[in-house]
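Heads up, the thing below is written out as structure tokens.
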Amino acid sequence: MRLVVIVCLLAALADADLFTAIADLQHMLGAEKDVTTVIDQYIIAERARLDDLRRYAHEYVHRNAHAEAVGPEFVTNPINAYLLIKRLTSEWKKVEEIMLNNKANTFLKNITDNRVRSEVKFPGEEDLSGAAIALLRLQDTYKLDTLDLSNGIIGGEKVSNKLSGHDTFEVGRAAYNHKDYYHCLMWMQVALNKIENENPPTIEESEILEYLAYSLYQQGNVRRALSLTKRLAKIAPNHPRAKGNVKWYEDMLQGKDMVGDLPPIVNKRVEFDGIVERDAYEALCRGEIPPVEEKWRNKLRCYLKRDKPFLKLAPIKVEILRFDPLAVLFKNVISDSEIEVIKELASPKLKRATVQNSKTGELEHATYRISKSAWLKGDLDPVIDRVNRRIEDFTGLNQATSEELQVANYGLGGHYDPHFDFARKEEKNAFKTLNTGNRIATVLFYMSQPERGGATVFNHLGTAVFPSKNDALFWYNLRRDGEGDLRTRHAACPVLLGVKWVSNKWIHERGQEFTRPCGLEEGVQENFIGDLSPYVNGP
């Protein structure tokens, strides 16, 4: 009965999706201090605590001291965030076990009450898995070495404490649970190496060997899988599957290739996500940008936009990033104070970001978009209204049919895989309820500047734009004739270090008949913002 009470209380605390927004993780940071305090109070009240429980209390104190010293920025580091979630999930379970034979239900109720009062969300198993998968995504995108990452090293810089053998094992197991044997193999191998230097080891060798052997098999390394499984059978003779697996691998080899040195390990990365341009996308995320074509190189420029009465008094700086199709960066178009107001308004409304189902038109969650977002109406605050009016000034497009301002905070390894902002012809139900036509253009405000990563990349154009706070990226999604521009397929790269806050405005085609009329020639397009020339001409 007591166990049921504990499970129910913890279930009430758990709130999945914390990993999808750094803002939630920062709010969760004080949870470790709360655990430490209550454990210490419990020890005093009981007068006789188990040595193991006291050891856990001291570990929480030590870890929380480091987190508090760093402050809210602690969880902007993906390794720290993973360890924080792990401590509040798998390691918390150990504390439960120690307390089962005493007043654990009262103790846990105190924690529950404290969480409710402070509105601190508690991570669940989905958060632990999501944090681990985020590390794998970052590893692939930015070509990070498994050993370096497990030792808290990113890009040659020490950014976090080392992962233990057990921490590393859990990352590998998360990969295994997603049938990702490529990553499971690498992380289990590092976990095996780590426990050789741990005394006592934080995870049993036998647990690692079974996962590692099966991953080797799945990646085509049958002899190596057999070798490790034989070792597993030797060190754990009562293992329920080891002997059967040895025979299974031997039967598979049929006596062939059974002697001599083991062949080199084969571990090929295989993606099943349907993103054909993944290599190009990840290269752009790393800043591997192809040179600008010679014909455009000397034509890219910056200028002051003064084509409206108000802009003659307060011109806006515009940097042309590329032509054909046009993409520009409006410089310093949102202030720090406006950013803080928008973040404050959005934070209580943040919910996991959704995507539109191409067949039904319904909104749904997707693993290829990891962030939380909120929608802010123009009449919610004068700042939102002011920003909306400013968008009309610098884009020259009517805002009457635009969607509300969407604010997004990216989570651990937060990203949005390659996609279009506009609805393609086969997506017949998209924006149907809005009755405002397709998305003609996108404005993307950068409200923070991550330390590393988080670029906006256009995969087919070889263009990457790294966030620069206070600026706004702008591009047209539709051609002048109203057809979708397939070249604007783009992605939000994973955030490697730091925090990424953005807000975006999707501008629709209804109401733009005079602000962006069709051209008189096929293929006509803008050479600058507000270029209404009906004929094809060069920049």
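Residue numbering restarts at 1 for every chain of the structure tokens, chains are lettered A, B, ... in their displayed order, and ligands are numbered from 1 as they appear.
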
With 12 Å as the cut-off and only C-alpha atoms counted, what is the closest atom pair between each nearby residue of region 264-379 of chain A and region 183-194 of chain A? Distances in Å to one decimal, ordered by chain and number, as a Markdown table.
```
| residue | atom | partner | partner_atom | distance |
| --- | --- | --- | --- | --- |
| A:Ile265 | CA | A:Leu185 | CA | 10.0 |
| A:Val266 | CA | A:Leu185 | CA | 10.2 |
| A:Asn267 | CA | A:Leu185 | CA | 7.9 |
| A:Lys268 | CA | A:His183 | CA | 9.7 |
| A:Arg269 | CA | A:His183 | CA | 8.2 |
| A:Val270 | CA | A:His183 | CA | 10.3 |
| A:Glu271 | CA | A:His183 | CA | 11.6 |
```

From the DSSP assignment of the backbone, select every residue of region 103-314 of chain A that is strand (DSSP E), and format the answer as a ChimeraX atom specification.
/A:153-154,157-158,302-305

What are the closest atom pairs, with distances in Å to one decimal, for all residues of region 235-353 of chain A lying within 12 Å of region 425-448 of chain A? Consider only C-alpha atoms, order rows by chain and residue number, and present the result as JSON lines.
```
{"residue": "A:Pro325", "atom": "CA", "partner": "A:Ala441", "partner_atom": "CA", "distance": 11.9}
{"residue": "A:Leu326", "atom": "CA", "partner": "A:Ala441", "partner_atom": "CA", "distance": 11.0}
{"residue": "A:Ala327", "atom": "CA", "partner": "A:Thr442", "partner_atom": "CA", "distance": 10.1}
{"residue": "A:Val328", "atom": "CA", "partner": "A:Val443", "partner_atom": "CA", "distance": 9.9}
{"residue": "A:Leu329", "atom": "CA", "partner": "A:Leu444", "partner_atom": "CA", "distance": 9.3}
{"residue": "A:Phe330", "atom": "CA", "partner": "A:Phe445", "partner_atom": "CA", "distance": 9.1}
{"residue": "A:Lys331", "atom": "CA", "partner": "A:Phe445", "partner_atom": "CA", "distance": 10.1}
{"residue": "A:Asn332", "atom": "CA", "partner": "A:Phe445", "partner_atom": "CA", "distance": 9.9}
{"residue": "A:Val333", "atom": "CA", "partner": "A:Phe445", "partner_atom": "CA", "distance": 8.4}
{"residue": "A:Ile334", "atom": "CA", "partner": "A:Phe445", "partner_atom": "CA", "distance": 7.7}
{"residue": "A:Ser335", "atom": "CA", "partner": "A:Met447", "partner_atom": "CA", "distance": 8.9}
{"residue": "A:Asp336", "atom": "CA", "partner": "A:Met447", "partner_atom": "CA", "distance": 8.0}
{"residue": "A:Ser337", "atom": "CA", "partner": "A:Met447", "partner_atom": "CA", "distance": 10.6}
{"residue": "A:Glu338", "atom": "CA", "partner": "A:Met447", "partner_atom": "CA", "distance": 9.4}
{"residue": "A:Ile339", "atom": "CA", "partner": "A:Met447", "partner_atom": "CA", "distance": 6.0}
{"residue": "A:Glu340", "atom": "CA", "partner": "A:Met447", "partner_atom": "CA", "distance": 8.7}
{"residue": "A:Val341", "atom": "CA", "partner": "A:Met447", "partner_atom": "CA", "distance": 11.1}
{"residue": "A:Ile342", "atom": "CA", "partner": "A:Met447", "partner_atom": "CA", "distance": 9.3}
{"residue": "A:Lys343", "atom": "CA", "partner": "A:Met447", "partner_atom": "CA", "distance": 8.8}
```

Residue with smallest distance to Leu18 (chain A) - pool A:Ile44, A:Arg286, A:Ala346, A:Tyr410, counting only C-alpha atoms:
A:Tyr410

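When only C-alpha atoms are used to measure the gap to Pro72 (chain A), the shortest distance among A:Ala23, A:Ile153, A:Val259, A:Ile203 belongs to A:Ala23.
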
Residues at most 9 Å from Leu532 (chain A), counting only C-alpha atoms, excluding those fewer than 4 positions away in the same chain, as a PyMOL selection string?
chain A and resi 515-519+525-526

Dump as a PDB file, in the first residue's frame, selection limited to N, CA and C atoms:
```pdb
ATOM      1  N   THR A 515       0.079  45.790 -51.855  1.00  0.00           N
ATOM      2  CA  THR A 515       1.402  45.910 -51.216  1.00  0.00           C
ATOM      3  C   THR A 515       2.437  45.007 -51.884  1.00  0.00           C
ATOM      4  N   ARG A 516       1.958  43.908 -52.528  1.00  0.00           N
ATOM      5  CA  ARG A 516       2.868  43.031 -53.280  1.00  0.00           C
ATOM      6  C   ARG A 516       2.105  42.433 -54.472  1.00  0.00           C
ATOM      7  N   PRO A 517       1.874  43.235 -55.486  1.00  0.00           N
ATOM      8  CA  PRO A 517       1.096  42.775 -56.638  1.00  0.00           C
ATOM      9  C   PRO A 517       1.879  41.782 -57.487  1.00  0.00           C
ATOM     10  N   CYS A 518       1.153  41.015 -58.312  1.00  0.00           N
ATOM     11  CA  CYS A 518       1.796  40.086 -59.243  1.00  0.00           C
ATOM     12  C   CYS A 518       2.611  40.877 -60.270  1.00  0.00           C
ATOM     13  N   GLY A 519       3.648  40.256 -60.804  1.00  0.00           N
ATOM     14  CA  GLY A 519       4.448  40.884 -61.846  1.00  0.00           C
ATOM     15  C   GLY A 519       3.809  40.689 -63.203  1.00  0.00           C
ATOM     16  N   GLN A 525      10.852  38.984 -59.390  1.00  0.00           N
ATOM     17  CA  GLN A 525      11.015  38.904 -57.941  1.00  0.00           C
ATOM     18  C   GLN A 525      11.722  40.153 -57.434  1.00  0.00           C
ATOM     19  N   GLU A 526      11.637  40.351 -56.114  1.00  0.00           N
ATOM     20  CA  GLU A 526      12.197  41.558 -55.502  1.00  0.00           C
ATOM     21  C   GLU A 526      13.723  41.527 -55.462  1.00  0.00           C
TER      22      GLU A 526
END
```

Neighbouring residues of Lys143 (chain A) were defined as those with any atom within 12 Å, considering only C-alpha atoms; residues of the same chain fewer than 6 positions away were excluded. Please report them as a PDB file with N, CA, C and O atoms, in the first residue's frame.
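Writing the result to result.pdb gives the following:
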```pdb
ATOM      1  N   LEU A 135      21.189  14.970 -26.510  1.00  0.00           N
ATOM      2  CA  LEU A 135      22.649  14.859 -26.586  1.00  0.00           C
ATOM      3  C   LEU A 135      23.071  14.161 -27.873  1.00  0.00           C
ATOM      4  O   LEU A 135      24.056  14.543 -28.513  1.00  0.00           O
ATOM      5  N   LEU A 136      22.321  13.120 -28.265  1.00  0.00           N
ATOM      6  CA  LEU A 136      22.654  12.389 -29.493  1.00  0.00           C
ATOM      7  C   LEU A 136      22.453  13.270 -30.721  1.00  0.00           C
ATOM      8  O   LEU A 136      23.247  13.223 -31.671  1.00  0.00           O
ATOM      9  N   ARG A 137      21.396  14.073 -30.710  1.00  0.00           N
ATOM     10  CA  ARG A 137      21.136  14.976 -31.835  1.00  0.00           C
ATOM     11  C   ARG A 137      22.269  15.997 -31.970  1.00  0.00           C
ATOM     12  O   ARG A 137      22.756  16.272 -33.068  1.00  0.00           O
ATOM     13  N   LEU A 149      32.242  14.244 -25.241  1.00  0.00           N
ATOM     14  CA  LEU A 149      30.941  14.671 -24.740  1.00  0.00           C
ATOM     15  C   LEU A 149      30.671  14.078 -23.366  1.00  0.00           C
ATOM     16  O   LEU A 149      30.169  14.759 -22.464  1.00  0.00           O
ATOM     17  N   ILE A 154      33.015  20.122 -25.086  1.00  0.00           N
ATOM     18  CA  ILE A 154      32.343  20.471 -26.335  1.00  0.00           C
ATOM     19  C   ILE A 154      33.233  21.426 -27.106  1.00  0.00           C
ATOM     20  O   ILE A 154      33.602  22.484 -26.607  1.00  0.00           O
ATOM     21  N   GLY A 155      33.592  21.034 -28.311  1.00  0.00           N
ATOM     22  CA  GLY A 155      34.449  21.879 -29.145  1.00  0.00           C
ATOM     23  C   GLY A 155      35.791  22.161 -28.512  1.00  0.00           C
ATOM     24  O   GLY A 155      36.327  23.258 -28.669  1.00  0.00           O
ATOM     25  N   ASP A 279      22.507  15.759 -44.536  1.00  0.00           N
ATOM     26  CA  ASP A 279      23.943  16.073 -44.526  1.00  0.00           C
ATOM     27  C   ASP A 279      24.182  17.553 -44.802  1.00  0.00           C
ATOM     28  O   ASP A 279      24.996  18.203 -44.126  1.00  0.00           O
ATOM     29  N   GLU A 282      22.949  19.651 -41.728  1.00  0.00           N
ATOM     30  CA  GLU A 282      23.851  19.614 -40.579  1.00  0.00           C
ATOM     31  C   GLU A 282      25.145  20.371 -40.864  1.00  0.00           C
ATOM     32  O   GLU A 282      25.715  20.996 -39.959  1.00  0.00           O
ATOM     33  N   ALA A 283      25.624  20.312 -42.109  1.00  0.00           N
ATOM     34  CA  ALA A 283      26.836  21.064 -42.460  1.00  0.00           C
ATOM     35  C   ALA A 283      26.599  22.564 -42.297  1.00  0.00           C
ATOM     36  O   ALA A 283      27.460  23.288 -41.760  1.00  0.00           O
ATOM     37  N   CYS A 285      24.466  23.926 -40.269  1.00  0.00           N
ATOM     38  CA  CYS A 285      24.371  24.177 -38.828  1.00  0.00           C
ATOM     39  C   CYS A 285      25.758  24.367 -38.217  1.00  0.00           C
ATOM     40  O   CYS A 285      25.920  25.128 -37.259  1.00  0.00           O
ATOM     41  N   ARG A 286      26.729  23.665 -38.752  1.00  0.00           N
ATOM     42  CA  ARG A 286      28.109  23.766 -38.238  1.00  0.00           C
ATOM     43  C   ARG A 286      28.835  24.982 -38.801  1.00  0.00           C
ATOM     44  O   ARG A 286      30.014  25.214 -38.484  1.00  0.00           O
ATOM     45  N   LEU A 496      23.263  24.274 -29.257  1.00  0.00           N
ATOM     46  CA  LEU A 496      24.335  23.503 -28.624  1.00  0.00           C
ATOM     47  C   LEU A 496      24.604  24.009 -27.213  1.00  0.00           C
ATOM     48  O   LEU A 496      24.633  23.230 -26.256  1.00  0.00           O
TER      49      LEU A 496
END
```

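Excluding region 57-64 of chain A itself and same-chain residues fewer than 3 positions from it, the residues having an atom within 8 Å of it are A:Glu32, A:Lys33, A:Val35, A:Thr36, A:Ile39, A:Asp40, A:Leu53, A:Arg54, A:Ala67, A:Glu68, counting only C-alpha atoms.
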
Within 8 Å of Ala242 (chain A), counting only C-alpha atoms, which residues qualify if same-chain residues fewer than 3 places away don't, as a count of residues only?
9

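Using only C-alpha atoms, the nearest neighbour of Ser206 (chain A) within the list A:Leu228, A:Ser150, A:Phe422, A:Asn388 is A:Leu228.
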
Find the residue from A:Arg352, A:Ile208, A:Tyr56, A:Tyr182 that sits nearest to Asn221 (chain A); use only C-alpha atoms when measuring.
A:Tyr182

Taking the DSSP assignment computed from this structure's backbone, write out as a ChimeraX atom specification all residues of region 143-270 of chain A that belong to helix (DSSP H, G or I).
/A:146-150,165-177,181-195,205-218,222-235,242-253

Find the spatial neighbours of Asn527 (chain A), counting only C-alpha atoms, within a cut-off of 8 Å - ignore same-chain residues fewer than 2 positions away - and output them as a ChimeraX atom specification.
/A:323,326,525,529,531,538-539

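In this comparison, which uses only C-alpha atoms, the residue of A:Cys302, A:Val276, A:Ala69, A:Val75 approaching Gly498 (chain A) most closely is A:Val75.
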
Between CA of Asp324 (chain A) and CA of Leu311 (chain A), distance in Å (one decimal):
26.0 Å
